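Chemist: Can you read through this structure? Questions will come right after.
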Amino acid sequence: MSPNRRSPAEPIPYEEVNHPDFAQHATQTFTIETVSPGIVLLHGTCPRCHARIQVPFVDKVFRTWSKGRPDGRGSGESALSGRQETIICTCEEQHPNRPDDHVGCGAYWILRFEQVIQ
Ligand SMILES: [Zn+2]
Ligand SMILES: [Zn+2]
């Protein structure tokens, strides 16, 4: 079930950490894809364990929209671009010391959508 198995030199232990470099790295590698109206998918590489991850987001702006536009201005894209979200690594790799009900390597960072959208 794992066609491309990699054997990293040293497994990174699970640790909930934030580092300024994470956000910067993630901004450079992440892309945003709109998969359906109101749902976006962030693709990218975890800045800590370098696994490919994807994180879905419900764009709540769309729901507000259907009830009535705030100021009658802007598009869905511009509303999305003002957002920032805390991203947590959701890789499915093995990381020592990881609690059973957790995924990822523990890395988290703030991702500003406006810096990701091109
Ligand atoms: Zn990982
Ligand atoms: Zn990770």
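In the structure tokens, chains take letters A, B, ... by order of appearance, with residues numbered from 1 within each chain and ligands from 1 in the order shown.
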Any residue with an atom at most 12 Å from ligand 2 counts, using only C-alpha atoms and all ligand atoms. Which are they? Put them as JSON, numbers by chain.
Modeler: {"A": [11, 12, 13, 14, 15, 16, 17, 18, 22, 26, 44, 45, 46, 47, 48, 49, 50, 51, 52, 53, 54, 87, 88, 89, 90, 91, 92, 93, 94, 95, 98, 102, 103, 104, 105, 106, 107, 108, 109]}
Chemist: Show which residues sit within 7 Å of Ile32 in chain A, as an mmCIF file with all heavy atoms, in the first residue's frame. Count only C-alpha atoms, and ignore same-chain residues fewer than 5 positions away.
Modeler:
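Contents of the output file selection-v5.cif:
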data_model
loop_
_atom_site.group_PDB
_atom_site.id
_atom_site.type_symbol
_atom_site.label_atom_id
_atom_site.label_comp_id
_atom_site.auth_asym_id
_atom_site.auth_seq_id
_atom_site.Cartn_x
_atom_site.Cartn_y
_atom_site.Cartn_z
ATOM 1 N N VAL A 40 -11.479 24.687 0.092
ATOM 2 C CA VAL A 40 -10.160 24.816 -0.518
ATOM 3 C C VAL A 40 -9.230 23.781 0.089
ATOM 4 O O VAL A 40 -9.405 23.341 1.225
ATOM 5 C CB VAL A 40 -9.566 26.230 -0.330
ATOM 6 C CG1 VAL A 40 -10.391 27.269 -1.054
ATOM 7 C CG2 VAL A 40 -9.444 26.577 1.135
ATOM 8 N N LEU A 41 -8.250 23.412 -0.706
ATOM 9 C CA LEU A 41 -7.295 22.406 -0.277
ATOM 10 C C LEU A 41 -5.907 23.015 -0.366
ATOM 11 O O LEU A 41 -5.504 23.524 -1.404
ATOM 12 C CB LEU A 41 -7.407 21.188 -1.193
ATOM 13 C CG LEU A 41 -6.871 19.855 -0.708
ATOM 14 C CD1 LEU A 41 -7.512 19.438 0.609
ATOM 15 C CD2 LEU A 41 -7.126 18.802 -1.769
ATOM 16 N N LEU A 42 -5.197 22.971 0.752
ATOM 17 C CA LEU A 42 -3.812 23.437 0.750
ATOM 18 C C LEU A 42 -2.903 22.242 0.534
ATOM 19 O O LEU A 42 -2.996 21.240 1.231
ATOM 20 C CB LEU A 42 -3.470 24.096 2.088
ATOM 21 C CG LEU A 42 -4.270 25.326 2.485
ATOM 22 C CD1 LEU A 42 -3.826 25.815 3.848
ATOM 23 C CD2 LEU A 42 -4.119 26.424 1.463
ATOM 24 N N HIS A 43 -2.023 22.341 -0.467
ATOM 25 C CA HIS A 43 -1.027 21.303 -0.724
ATOM 26 C C HIS A 43 0.337 21.858 -0.379
ATOM 27 O O HIS A 43 0.614 23.010 -0.682
ATOM 28 C CB HIS A 43 -0.954 20.946 -2.214
ATOM 29 C CG HIS A 43 -2.210 20.400 -2.782
ATOM 30 N ND1 HIS A 43 -2.493 19.064 -2.771
ATOM 31 C CD2 HIS A 43 -3.248 21.008 -3.397
ATOM 32 C CE1 HIS A 43 -3.663 18.879 -3.361
ATOM 33 N NE2 HIS A 43 -4.142 20.037 -3.740
ATOM 34 N N VAL A 116 0.239 32.875 -0.300
ATOM 35 C CA VAL A 116 0.271 31.623 -1.028
ATOM 36 C C VAL A 116 -0.399 31.774 -2.381
ATOM 37 O O VAL A 116 0.084 31.294 -3.390
ATOM 38 C CB VAL A 116 -0.446 30.514 -0.205
ATOM 39 C CG1 VAL A 116 -0.554 29.239 -1.017
ATOM 40 C CG2 VAL A 116 0.303 30.260 1.085
ATOM 41 N N ILE A 117 -1.522 32.472 -2.399
ATOM 42 C CA ILE A 117 -2.238 32.672 -3.658
ATOM 43 C C ILE A 117 -1.386 33.481 -4.623
ATOM 44 O O ILE A 117 -0.790 34.463 -4.243
ATOM 45 C CB ILE A 117 -3.556 33.422 -3.401
ATOM 46 C CG1 ILE A 117 -4.482 32.541 -2.580
ATOM 47 C CG2 ILE A 117 -4.214 33.812 -4.717
ATOM 48 C CD1 ILE A 117 -5.750 33.241 -2.174
#
Chemist: Choose the residue, out of A:Thr86, A:Pro96, A:Asp21, A:Gln28, that has the smallest atom-to-atom separation from ligand 1; count only C-alpha atoms and all ligand atoms.
Modeler: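 Result for the nearest residue to ligand 1: A:Pro96.
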Chemist: Could you please determine the separation between CA of Ile110 in chain A and CA of Phe30 in chain A in Å, to one decimal place?
Modeler: 12.2 Å
Chemist: My list of candidates is A:Ile39, A:Gly82, A:Glu10, A:Arg112. Which is closest to ligand 1 when distances are computed with only C-alpha atoms and all ligand atoms?
Modeler: A:Glu10
Chemist: Could you state the separation of atom 1 (Zn, counted along the ligand's line) of ligand 1 and CA of Thr34 in chain A in Å, given to one decimal place?
Modeler: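 Separating atom 1 (Zn, counted along the ligand's line) of ligand 1 from CA of Thr34 in chain A is a distance of 24.4 Å.
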Chemist: Do you have the CA of Phe57 in chain A-CA of Asp101 in chain A distance handy?
Modeler: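 CA of Asp101 in chain A lies at a distance of 20.7 Å from CA of Phe57 in chain A.
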